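Visitor: What follows is start_39.pdb; its format and atoms are PDB, C-alpha atoms.
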ATOM      1  CA  MET A 108      -3.914  -0.486   6.459
ATOM      2  CA  ASN A 109      -4.669  -0.402   2.750
ATOM      3  CA  TYR A 110      -5.299  -4.067   1.959
ATOM      4  CA  ASP A 111      -5.986  -3.364  -1.721
ATOM      5  CA  ALA A 112      -2.487  -1.909  -2.064
ATOM      6  CA  ILE A 113      -0.980  -4.884  -0.234
ATOM      7  CA  ARG A 114      -2.816  -7.367  -2.467
ATOM      8  CA  LYS A 115      -1.316  -5.674  -5.519
ATOM      9  CA  GLU A 116       2.181  -6.101  -4.061
ATOM     10  CA  LEU A 117       1.704  -9.767  -3.189
ATOM     11  CA  TRP A 118       1.472 -10.831  -6.796
ATOM     12  CA  GLY A 119       3.554 -13.333  -8.688
ATOM     13  CA  PRO A 120       5.974 -15.847  -7.267
ATOM     14  CA  ALA A 121       6.766 -15.855  -3.564
ATOM     15  CA  VAL A 122      10.479 -16.259  -2.953
ATOM     16  CA  LEU A 123      11.132 -18.080   0.318
ATOM     17  CA  MET A 124      14.325 -16.463   1.558
ATOM     18  CA  MET A 125      16.710 -18.696   3.473
ATOM     19  CA  THR A 126      18.290 -17.233   6.600
ATOM     20  CA  PRO A 127      22.057 -17.467   6.136
ATOM     21  CA  PHE A 128      24.352 -18.244   9.055
ATOM     22  CA  ASP A 129      28.125 -18.339   9.310
ATOM     23  CA  SER A 130      30.107 -21.411  10.381
ATOM     24  CA  ALA A 131      29.572 -20.492  14.068
ATOM     25  CA  PHE A 132      25.772 -20.332  13.509
ATOM     26  CA  HIS A 133      25.568 -16.558  13.801
ATOM     27  CA  LEU A 134      23.347 -14.612  11.430
ATOM     28  CA  ASN A 135      25.035 -13.535   8.229
ATOM     29  CA  THR A 136      23.034 -10.444   7.312
ATOM     30  CA  ASP A 137      25.573  -9.486   4.634
ATOM     31  CA  ALA A 138      24.773 -12.709   2.764
ATOM     32  CA  LEU A 139      21.056 -12.081   3.296
ATOM     33  CA  ARG A 140      21.355  -8.612   1.767
ATOM     34  CA  LYS A 141      23.161 -10.070  -1.252
ATOM     35  CA  ASN A 142      20.474 -12.731  -1.663
ATOM     36  CA  VAL A 143      17.673 -10.143  -1.613
ATOM     37  CA  ARG A 144      19.452  -8.055  -4.256
ATOM     38  CA  HIS A 145      20.117 -11.191  -6.323
ATOM     39  CA  VAL A 146      16.362 -11.876  -6.456
ATOM     40  CA  VAL A 147      15.592  -8.298  -7.501
ATOM     41  CA  ASP A 148      18.429  -8.144 -10.000
ATOM     42  CA  GLY A 149      17.192 -11.461 -11.443
ATOM     43  CA  GLY A 150      13.875  -9.875 -12.368
ATOM     44  CA  ILE A 151      11.522 -10.553  -9.453
ATOM     45  CA  SER A 152      10.451  -7.140  -8.230
ATOM     46  CA  ARG A 153       7.355  -5.121  -7.277
ATOM     47  CA  GLY A 154       4.368  -6.348  -9.216
ATOM     48  CA  LYS A 155       6.340  -9.386 -10.417
ATOM     49  CA  GLY A 156       6.736 -11.241  -7.112
ATOM     50  CA  PHE A 157       7.645 -10.807  -3.475
ATOM     51  CA  ILE A 158       9.974 -12.193  -0.837
ATOM     52  CA  ILE A 159       8.949 -13.940   2.368
ATOM     53  CA  CYS A 160      11.711 -13.269   4.870
ATOM     54  CA  PRO A 161      12.223 -14.900   7.223
ATOM     55  CA  SER A 162      10.172 -17.836   6.057
ATOM     56  CA  GLY A 163       9.302 -21.209   7.525
ATOM     57  CA  THR A 164      12.041 -22.607   5.333
ATOM     58  CA  GLY A 165      14.287 -19.831   6.664
ATOM     59  CA  GLU A 166      14.150 -20.482  10.421
ATOM     60  CA  TYR A 167      11.408 -17.990  11.338
ATOM     61  CA  ASN A 168      10.158 -20.040  14.251
ATOM     62  CA  THR A 169      13.584 -20.486  15.849
ATOM     63  CA  LEU A 170      15.055 -16.987  15.620
ATOM     64  CA  SER A 171      15.294 -14.922  18.782
ATOM     65  CA  ARG A 172      13.483 -11.575  18.785
ATOM     66  CA  GLU A 173      16.784  -9.816  18.137
ATOM     67  CA  GLU A 174      17.697 -12.162  15.287
ATOM     68  CA  HIS A 175      14.230 -11.836  13.785
ATOM     69  CA  ALA A 176      14.475  -8.036  13.852
ATOM     70  CA  ALA A 177      17.970  -8.169  12.329
ATOM     71  CA  VAL A 178      16.761 -10.400   9.475
ATOM     72  CA  VAL A 179      13.702  -8.236   8.815
ATOM     73  CA  GLY A 180      15.721  -5.022   8.947
ATOM     74  CA  ALA A 181      18.415  -6.340   6.613
ATOM     75  CA  ALA A 182      15.866  -7.643   4.091
ATOM     76  CA  ILE A 183      13.833  -4.437   4.029
ATOM     77  CA  ASP A 184      16.940  -2.273   3.823
ATOM     78  CA  SER A 185      18.416  -4.345   1.009
ATOM     79  CA  ALA A 186      15.104  -4.445  -0.881
ATOM     80  CA  ASP A 187      15.252  -0.641  -0.975
ATOM     81  CA  GLY A 188      11.599  -0.480  -2.006
ATOM     82  CA  ASP A 189      12.193  -2.584  -5.126
ATOM     83  CA  ILE A 190      10.267  -5.604  -3.829
ATOM     84  CA  GLU A 191       7.750  -6.293  -1.080
ATOM     85  CA  ILE A 192       9.088  -8.166   1.938
ATOM     86  CA  ALA A 193       6.409 -10.265   3.618
ATOM     87  CA  VAL A 194       7.734 -10.987   7.095
ATOM     88  CA  GLY A 195       7.283 -14.532   8.363
ATOM     89  CA  VAL A 196       6.191 -14.612  12.000
ATOM     90  CA  ALA A 197       5.520 -17.885  13.821
ATOM     91  CA  SER A 198       4.953 -18.727  17.463
ATOM     92  CA  SER A 199       2.576 -20.682  19.646
ATOM     93  CA  SER A 200       1.956 -17.419  21.529
ATOM     94  CA  HIS A 201      -0.239 -14.784  19.931
ATOM     95  CA  PHE A 202       1.443 -12.256  22.239
ATOM     96  CA  GLU A 203       4.811 -13.105  20.658
ATOM     97  CA  VAL A 204       3.346 -12.920  17.148
ATOM     98  CA  ILE A 205       1.929  -9.464  17.894
ATOM     99  CA  GLU A 206       5.258  -8.299  19.342
ATOM    100  CA  ARG A 207       7.182  -9.443  16.274
ATOM    101  CA  CYS A 208       4.582  -8.054  13.864
ATOM    102  CA  ASN A 209       4.787  -4.654  15.536
ATOM    103  CA  ALA A 210       8.588  -4.755  15.482
ATOM    104  CA  ALA A 211       8.489  -5.579  11.759
ATOM    105  CA  LEU A 212       6.015  -2.747  11.169
ATOM    106  CA  ALA A 213       8.368  -0.342  12.929
ATOM    107  CA  LEU A 214      11.153  -1.525  10.582
ATOM    108  CA  GLY A 215       9.044  -0.695   7.524
ATOM    109  CA  ALA A 216       7.247  -3.956   6.762
ATOM    110  CA  ASN A 217       3.704  -3.758   5.382
ATOM    111  CA  VAL A 218       2.635  -7.381   5.729
ATOM    112  CA  ALA A 219       3.360 -10.420   7.886
ATOM    113  CA  MET A 220       2.747 -14.029   6.948
ATOM    114  CA  VAL A 221       1.457 -15.775  10.074
ATOM    115  CA  PRO A 222       0.643 -19.487  10.372
ATOM    116  CA  PRO A 223      -1.787 -20.830  12.933
ATOM    117  CA  PRO A 224      -0.126 -21.947  16.170
ATOM    118  CA  TYR A 225       1.847 -25.031  15.190
ATOM    119  CA  TYR A 226       1.795 -26.747  18.589
ATOM    120  CA  TYR A 227      -1.950 -26.974  19.216
ATOM    121  CA  HIS A 228      -3.075 -29.745  16.862
ATOM    122  CA  GLY A 229      -6.520 -30.006  18.442
ATOM    123  CA  MET A 230      -7.479 -26.398  17.691
ATOM    124  CA  ASP A 231     -10.700 -26.214  15.711
ATOM    125  CA  GLN A 232     -11.523 -23.712  12.978
ATOM    126  CA  GLN A 233     -13.130 -21.266  15.412
ATOM    127  CA  GLY A 234      -9.941 -21.374  17.459
ATOM    128  CA  VAL A 235      -7.955 -20.450  14.337
ATOM    129  CA  VAL A 236     -10.367 -17.572  13.619
ATOM    130  CA  ASN A 237      -9.939 -16.391  17.227
ATOM    131  CA  TRP A 238      -6.136 -16.648  16.837
ATOM    132  CA  TYR A 239      -6.085 -14.308  13.840
ATOM    133  CA  THR A 240      -8.716 -12.000  15.354
ATOM    134  CA  GLU A 241      -6.552 -11.467  18.453
ATOM    135  CA  ILE A 242      -3.456 -10.852  16.348
ATOM    136  CA  ALA A 243      -5.275  -8.401  14.057
ATOM    137  CA  ALA A 244      -6.513  -6.492  17.104
ATOM    138  CA  GLY A 245      -2.946  -6.085  18.377
ATOM    139  CA  THR A 246      -1.156  -4.883  15.240
ATOM    140  CA  GLU A 247      -1.637  -2.592  12.262
ATOM    141  CA  ILE A 248       0.505  -4.688   9.921
ATOM    142  CA  GLY A 249      -1.282  -6.457   7.078
ATOM    143  CA  LEU A 250      -1.766 -10.154   7.758
ATOM    144  CA  MET A 251      -1.286 -12.990   5.293
ATOM    145  CA  ILE A 252      -2.799 -16.199   6.617
ATOM    146  CA  TYR A 253      -0.444 -19.098   6.077
ATOM    147  CA  ASP A 254      -2.649 -22.108   5.448
ATOM    148  CA  GLN A 255      -1.091 -25.539   5.505
ATOM    149  CA  SER A 256      -4.192 -27.356   6.682
ATOM    150  CA  TRP A 257      -2.973 -30.617   5.167
ATOM    151  CA  ARG A 258      -0.254 -30.628   7.853
ATOM    152  CA  ARG A 259      -2.886 -30.371  10.610
ATOM    153  CA  LEU A 260      -1.128 -27.407  12.256
ATOM    154  CA  GLY A 261      -4.216 -25.825  13.749
ATOM    155  CA  GLY A 262      -7.733 -26.059  12.486
ATOM    156  CA  SER A 263      -9.389 -28.834  10.608
ATOM    157  CA  VAL A 264     -10.462 -29.259   7.016
ATOM    158  CA  ASP A 265     -12.948 -31.991   7.932
TER     159      ASP A 265
END
Can the structure in the file be given as structure tokens, please?
Guide:
Amino acid sequence: MNYDAIRKELWGPAVLMMTPFDSAFHLNTDALRKNVRHVVDGGISRGKGFIICPSGTGEYNTLSREEHAAVVGAAIDSADGDIEIAVGVASSSHFEVIERCNAALALGANVAMVPPPYYYHGMDQQGVVNWYTEIAAGTEIGLMIYDQSWRRLGGSVD
């Protein structure tokens, strides 16, 4: 993985893409595709910003594996290389994170934004380091560490 190239792509504003659903709560990938193009057409493109999809704001921790793959695939396809899609991947299981990261990689993603496990509030900083070390060993996708230490979601800033 060429981290220097990834760093150049993750520049500018990060657009947190909402995951659209229809009135029956099924994914609406057509609306997602339109939203991705709207961002690009509005001027946020490679070197000028990137999209996080799905994001924490966009249901990434509640989507099934199939839904997650559908969202990632639709976003990457709609981006058509015009903007970097950083794939949000969250779970309390590092095995699940690795599975979803590898699925996103197979769909063409270059980077995944991964928070520490949100359930284990007592995890210390070494536990967080071990978390990311295990994930990095199981995938070739670039990893963006999602730090919200003020929320006490793994690790401690004390």
Visitor: With 4 Å of padding per side, what axis-aligned box (centre and edge lengths, Å, one decimal) covers all the listed atoms of stretch 247-255 of chain A? Give it as lines of an AutoDock Vina configuration file.
Guide:
center_x = -1.1
center_y = -14.1
center_z = 8.8
size_x = 11.3
size_y = 30.9
size_z = 15.0
Visitor: Once you count all atoms listed in the file, what closest atom pair and distance in Å to one decimal does each residue of stretch 172-244 of chain A within 12 Å of stretch 141-162 of chain A have, with rows by chain and rising residue number, as a tab-separated table?
Guide:
residue	atom	partner	partner_atom	distance
A:Glu174	CA	A:Pro161	CA	10.1
A:His175	CA	A:Pro161	CA	7.5
A:Ala176	CA	A:Pro161	CA	9.8
A:Ala177	CA	A:Pro161	CA	10.2
A:Val178	CA	A:Pro161	CA	6.8
A:Val179	CA	A:Cys160	CA	6.7
A:Gly180	CA	A:Cys160	CA	10.0
A:Ala181	CA	A:Val143	CA	9.1
A:Ala182	CA	A:Val143	CA	6.5
A:Ile183	CA	A:Val143	CA	8.9
A:Asp184	CA	A:Val143	CA	9.6
A:Ser185	CA	A:Val143	CA	6.4
A:Ala186	CA	A:Val143	CA	6.3
A:Asp187	CA	A:Arg144	CA	9.1
A:Gly188	CA	A:Arg153	CA	8.2
A:Asp189	CA	A:Ser152	CA	5.8
A:Ile190	CA	A:Arg153	CA	4.5
A:Glu191	CA	A:Phe157	CA	5.1
A:Ile192	CA	A:Ile158	CA	5.0
A:Ala193	CA	A:Ile159	CA	4.6
A:Val194	CA	A:Cys160	CA	5.1
A:Gly195	CA	A:Ser162	CA	5.0
A:Val196	CA	A:Pro161	CA	7.7
A:Ala197	CA	A:Ser162	CA	9.1
A:Arg207	CA	A:Pro161	CA	11.7
A:Ala211	CA	A:Cys160	CA	10.8
A:Ala216	CA	A:Cys160	CA	10.5
A:Asn217	CA	A:Ile159	CA	11.8
A:Val218	CA	A:Ile159	CA	9.7
A:Ala219	CA	A:Ile159	CA	8.6
A:Met220	CA	A:Ile159	CA	7.7
A:Val221	CA	A:Ser162	CA	9.8
A:Pro222	CA	A:Ser162	CA	10.6
Visitor: Can you tell me how far atom CA of A:Gly119 sits from atom CA of A:Leu214, in Å to one decimal?
Guide: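 Computing the Euclidean distance for atom CA of A:Gly119 and atom CA of A:Leu214 yields 23.8 Å.
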Visitor: For the structure shown, which residues end up in the PyMOL selection byres ((chain A and resi 136) around 8)? Put them as a list in words, please?
Guide: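 Output of the PyMOL selection byres ((chain A and resi 136) around 8): Pro127, Leu134, Asn135, Asp137, Ala138, Leu139, Arg140, Ala177, Val178 and Ala181 of chain A.
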Visitor: Using all atoms listed in the file, can you tell me which of A:Asp129, A:Glu241, A:Glu116, A:Glu247 comes closest to A:Asn209?
Guide: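 Using all atoms listed in the file, A:Asn209 sits closest to A:Glu247.
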Visitor: Would you list the residues near (-4.2, -7.3, 15.7) (no more than 12 Å away, in the coordinates of the file, using only C-alpha atoms) as a list in words?
Guide: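 Here is the list of nearby residues: Met108, His201, Phe202, Glu203, Val204, Ile205, Glu206, Arg207, Cys208, Asn209, Ala219, Val221, Asn237, Trp238, Tyr239, Thr240, Glu241, Ile242, Ala243, Ala244, Gly245, Thr246, Glu247, Ile248, Gly249 and Leu250 of chain A.
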Visitor: If I take atom CA of A:Thr164 and atom CA of A:Gln233, how far is one from the other in Å, to one decimal?
Guide: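 Spanning atom CA of A:Thr164 to atom CA of A:Gln233 is a straight-line distance of 27.1 Å.
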Visitor: Quick one: distance from atom CA of A:Pro224 to atom CA of A:Ser200 in Å, one decimal?
Guide: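 Result for atom CA of A:Pro224 versus atom CA of A:Ser200: 7.3 Å, one decimal.
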